[in-house]
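Undergrad: Mind having a look at this structure? Questions to follow.
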Amino acid sequence: RETLGPGVPLVATLDLHANVSEDLFRETDVLIAYDTYPHVDVFDRGVEAATIARSLVNGLRPKRAFRKLPLLTVPQAQATAQ
């Protein structure tokens, strides 16, 4: 964010077991998580991120909320195709 400045939209994609901090949330405009594990939807989430970034440039102002849930998951049990 320091490099881009406050007026440039910043959209990030994350995998399902990303450890999202309040700092990361605060410094980005939109965070998009992959829908699948294994990550077979990387391209689709990239297209989604680019589409949202364009909408941000055109004036979209999304509602945002941050909440850390008390969860501990096992990555080997996160396969979304099973």
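Ligands are numbered from 1 in the order shown, residues from 1 within each chain, and chains are lettered A, B, ... in the order they appear in the structure tokens.
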Just the residues within 9 Å of Thr13 of chain A, please, counting only C-alpha atoms, with nothing from its chain fewer than 6 positions along; format it as a PyMOL selection string.

TA: chain A and resi 30-34+42+45-46+49

Undergrad: Since we have the selection now, will you write its residues out, keeping all heavy atoms, as an mmCIF file, in the first residue's frame?

TA:
```
data_model
loop_
_atom_site.group_PDB
_atom_site.id
_atom_site.type_symbol
_atom_site.label_atom_id
_atom_site.label_comp_id
_atom_site.auth_asym_id
_atom_site.auth_seq_id
_atom_site.Cartn_x
_atom_site.Cartn_y
_atom_site.Cartn_z
ATOM 1 N N VAL A 30 -10.004 -5.263 -1.342
ATOM 2 C CA VAL A 30 -10.786 -6.494 -1.430
ATOM 3 C C VAL A 30 -9.831 -7.676 -1.308
ATOM 4 O O VAL A 30 -8.751 -7.674 -1.912
ATOM 5 C CB VAL A 30 -11.556 -6.576 -2.777
ATOM 6 C CG1 VAL A 30 -12.275 -7.905 -2.915
ATOM 7 C CG2 VAL A 30 -12.551 -5.434 -2.908
ATOM 8 N N LEU A 31 -10.235 -8.690 -0.549
ATOM 9 C CA LEU A 31 -9.519 -9.960 -0.459
ATOM 10 C C LEU A 31 -10.416 -11.049 -1.031
ATOM 11 O O LEU A 31 -11.595 -11.115 -0.698
ATOM 12 C CB LEU A 31 -9.169 -10.287 0.996
ATOM 13 C CG LEU A 31 -8.207 -9.332 1.679
ATOM 14 C CD1 LEU A 31 -8.127 -9.643 3.166
ATOM 15 C CD2 LEU A 31 -6.836 -9.420 1.039
ATOM 16 N N ILE A 32 -9.849 -11.885 -1.892
ATOM 17 C CA ILE A 32 -10.611 -12.952 -2.535
ATOM 18 C C ILE A 32 -9.906 -14.271 -2.247
ATOM 19 O O ILE A 32 -8.733 -14.435 -2.582
ATOM 20 C CB ILE A 32 -10.689 -12.736 -4.056
ATOM 21 C CG1 ILE A 32 -11.400 -11.421 -4.362
ATOM 22 C CG2 ILE A 32 -11.388 -13.913 -4.739
ATOM 23 C CD1 ILE A 32 -11.305 -11.009 -5.802
ATOM 24 N N ALA A 33 -10.623 -15.210 -1.639
ATOM 25 C CA ALA A 33 -10.057 -16.530 -1.356
ATOM 26 C C ALA A 33 -10.374 -17.492 -2.489
ATOM 27 O O ALA A 33 -11.440 -17.407 -3.109
ATOM 28 C CB ALA A 33 -10.619 -17.067 -0.047
ATOM 29 N N TYR A 34 -9.435 -18.394 -2.754
ATOM 30 C CA TYR A 34 -9.720 -19.474 -3.702
ATOM 31 C C TYR A 34 -10.920 -20.261 -3.183
ATOM 32 O O TYR A 34 -11.126 -20.376 -1.973
ATOM 33 C CB TYR A 34 -8.526 -20.414 -3.848
ATOM 34 C CG TYR A 34 -7.269 -19.760 -4.353
ATOM 35 C CD1 TYR A 34 -6.026 -20.206 -3.934
ATOM 36 C CD2 TYR A 34 -7.305 -18.704 -5.258
ATOM 37 C CE1 TYR A 34 -4.860 -19.628 -4.397
ATOM 38 C CE2 TYR A 34 -6.146 -18.120 -5.728
ATOM 39 C CZ TYR A 34 -4.926 -18.586 -5.298
ATOM 40 O OH TYR A 34 -3.763 -18.013 -5.747
ATOM 41 N N VAL A 42 -7.366 -20.938 -9.575
ATOM 42 C CA VAL A 42 -6.484 -19.766 -9.498
ATOM 43 C C VAL A 42 -6.794 -18.779 -10.625
ATOM 44 O O VAL A 42 -6.905 -17.570 -10.394
ATOM 45 C CB VAL A 42 -5.006 -20.197 -9.534
ATOM 46 C CG1 VAL A 42 -4.084 -18.994 -9.597
ATOM 47 C CG2 VAL A 42 -4.675 -21.055 -8.317
ATOM 48 N N ARG A 45 -10.149 -16.986 -9.984
ATOM 49 C CA ARG A 45 -10.056 -15.971 -8.928
ATOM 50 C C ARG A 45 -9.260 -14.760 -9.415
ATOM 51 O O ARG A 45 -9.550 -13.623 -9.019
ATOM 52 C CB ARG A 45 -9.409 -16.541 -7.666
ATOM 53 C CG ARG A 45 -10.181 -17.682 -6.976
ATOM 54 C CD ARG A 45 -11.576 -17.363 -6.474
ATOM 55 N NE ARG A 45 -12.589 -17.058 -7.456
ATOM 56 C CZ ARG A 45 -13.262 -17.949 -8.210
ATOM 57 N NH1 ARG A 45 -13.016 -19.240 -8.087
ATOM 58 N NH2 ARG A 45 -14.164 -17.557 -9.075
ATOM 59 N N GLY A 46 -8.286 -14.969 -10.289
ATOM 60 C CA GLY A 46 -7.564 -13.844 -10.876
ATOM 61 C C GLY A 46 -8.465 -12.983 -11.741
ATOM 62 O O GLY A 46 -8.404 -11.753 -11.691
ATOM 63 N N ALA A 49 -10.630 -11.042 -9.413
ATOM 64 C CA ALA A 49 -9.877 -9.928 -8.819
ATOM 65 C C ALA A 49 -9.730 -8.778 -9.809
ATOM 66 O O ALA A 49 -9.901 -7.609 -9.449
ATOM 67 C CB ALA A 49 -8.509 -10.410 -8.352
#
```

Undergrad: Write out as a list in words which residues come within 12 Å of segment 59-75 of chain A when counting only C-alpha atoms, dropping same-chain ones fewer than 5 positions away.

TA: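 My reading of the contact set: Gly7, Val8, Pro9, Val11, Asp15, Leu16, His17, Ala18, Asn19, Val20, Ser21, Glu22, Asp23, Leu24, Phe25, Arg26, Thr28, Asp29, Val30, Leu31, Thr36, Tyr37, Pro38, Thr51, Ile52, Ala53, Arg54 and Thr80 of chain A.
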
Undergrad: Can I get the selection written as a JSON list (two decimals), in the first residue's frame, with C-alpha atoms?

TA:
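Output file out.json follows:
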```json
[["chain", "number", "residue", "atom", "x", "y", "z"],
["A", 7, "GLY", "CA", -6.00, 6.04, -4.12],
["A", 8, "VAL", "CA", -4.96, 2.96, -6.11],
["A", 9, "PRO", "CA", -7.21, -0.11, -5.74],
["A", 11, "VAL", "CA", -7.11, -6.51, -4.60],
["A", 15, "ASP", "CA", -5.47, -19.60, -0.58],
["A", 16, "LEU", "CA", -7.96, -21.19, 1.81],
["A", 17, "HIS", "CA", -5.55, -21.42, 4.72],
["A", 18, "ALA", "CA", -4.23, -17.87, 4.56],
["A", 19, "ASN", "CA", -3.65, -16.24, 7.92],
["A", 20, "VAL", "CA", -5.34, -12.89, 7.33],
["A", 21, "SER", "CA", -4.30, -10.16, 9.73],
["A", 22, "GLU", "CA", -6.13, -6.95, 10.51],
["A", 23, "ASP", "CA", -3.23, -5.09, 8.87],
["A", 24, "LEU", "CA", -3.66, -7.04, 5.60],
["A", 25, "PHE", "CA", -7.41, -6.43, 5.70],
["A", 26, "ARG", "CA", -6.98, -2.71, 6.40],
["A", 28, "THR", "CA", -6.31, -3.88, 0.86],
["A", 29, "ASP", "CA", -9.59, -2.93, -0.76],
["A", 30, "VAL", "CA", -10.79, -6.49, -1.43],
["A", 31, "LEU", "CA", -9.52, -9.96, -0.46],
["A", 36, "THR", "CA", -11.09, -24.92, -4.17],
["A", 37, "TYR", "CA", -8.38, -27.02, -2.54],
["A", 38, "PRO", "CA", -6.34, -28.13, -4.30],
["A", 51, "THR", "CA", -13.00, -7.49, -12.57],
["A", 52, "ILE", "CA", -13.39, -6.15, -9.04],
["A", 53, "ALA", "CA", -10.30, -3.93, -9.42],
["A", 54, "ARG", "CA", -11.82, -2.41, -12.55],
["A", 80, "THR", "CA", -13.22, -29.33, -1.59]]
```

Undergrad: When you count only C-alpha atoms, which of these residues is closest to Asp35 of chain A: A:Gln76, A:Leu14, A:Thr3, A:Asn58?

TA: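 So, comparing all the options, the nearest one is A:Leu14.
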
Undergrad: Go through A:Ala12, A:His39, A:Arg1, A:Pro6 one by one, measure the shortest atom-to-atom distance of each to Gln78 of chain A using only C-alpha atoms, and give the residue with the smallest value.

TA: A:His39

Undergrad: Extract the full set of strand (DSSP E) residues from chain A according to DSSP on the backbone, and format it as a PyMOL selection string.

TA: chain A and resi 11-14+30-33

Undergrad: DSSP on the backbone: which residues in chain A end up as alpha helix (DSSP H)? Give the answer as a PDB file with C-alpha atoms, in the first residue's frame.

TA:
```
ATOM      1  CA  GLU A  22      -6.134  -6.950  10.507  1.00  0.00           C
ATOM      2  CA  ASP A  23      -3.230  -5.087   8.866  1.00  0.00           C
ATOM      3  CA  LEU A  24      -3.655  -7.036   5.601  1.00  0.00           C
ATOM      4  CA  PHE A  25      -7.412  -6.432   5.699  1.00  0.00           C
ATOM      5  CA  ARG A  26      -6.978  -2.711   6.400  1.00  0.00           C
ATOM      6  CA  GLU A  27      -4.382  -2.152   3.660  1.00  0.00           C
ATOM      7  CA  VAL A  42      -6.484 -19.766  -9.498  1.00  0.00           C
ATOM      8  CA  PHE A  43      -7.245 -18.381 -12.977  1.00  0.00           C
ATOM      9  CA  ASP A  44     -10.914 -17.818 -12.153  1.00  0.00           C
ATOM     10  CA  ARG A  45     -10.056 -15.971  -8.928  1.00  0.00           C
ATOM     11  CA  GLY A  46      -7.564 -13.844 -10.876  1.00  0.00           C
ATOM     12  CA  VAL A  47     -10.296 -12.890 -13.346  1.00  0.00           C
ATOM     13  CA  GLU A  48     -12.586 -12.113 -10.408  1.00  0.00           C
ATOM     14  CA  ALA A  49      -9.877  -9.928  -8.819  1.00  0.00           C
ATOM     15  CA  ALA A  50      -9.261  -8.043 -12.071  1.00  0.00           C
ATOM     16  CA  THR A  51     -13.000  -7.492 -12.571  1.00  0.00           C
ATOM     17  CA  ILE A  52     -13.388  -6.153  -9.045  1.00  0.00           C
ATOM     18  CA  ALA A  53     -10.299  -3.934  -9.420  1.00  0.00           C
ATOM     19  CA  ARG A  54     -11.817  -2.415 -12.547  1.00  0.00           C
ATOM     20  CA  SER A  55     -15.079  -1.837 -10.671  1.00  0.00           C
ATOM     21  CA  LEU A  56     -13.132  -0.112  -7.878  1.00  0.00           C
ATOM     22  CA  VAL A  57     -11.533   2.214 -10.439  1.00  0.00           C
TER      23      VAL A  57
END
```
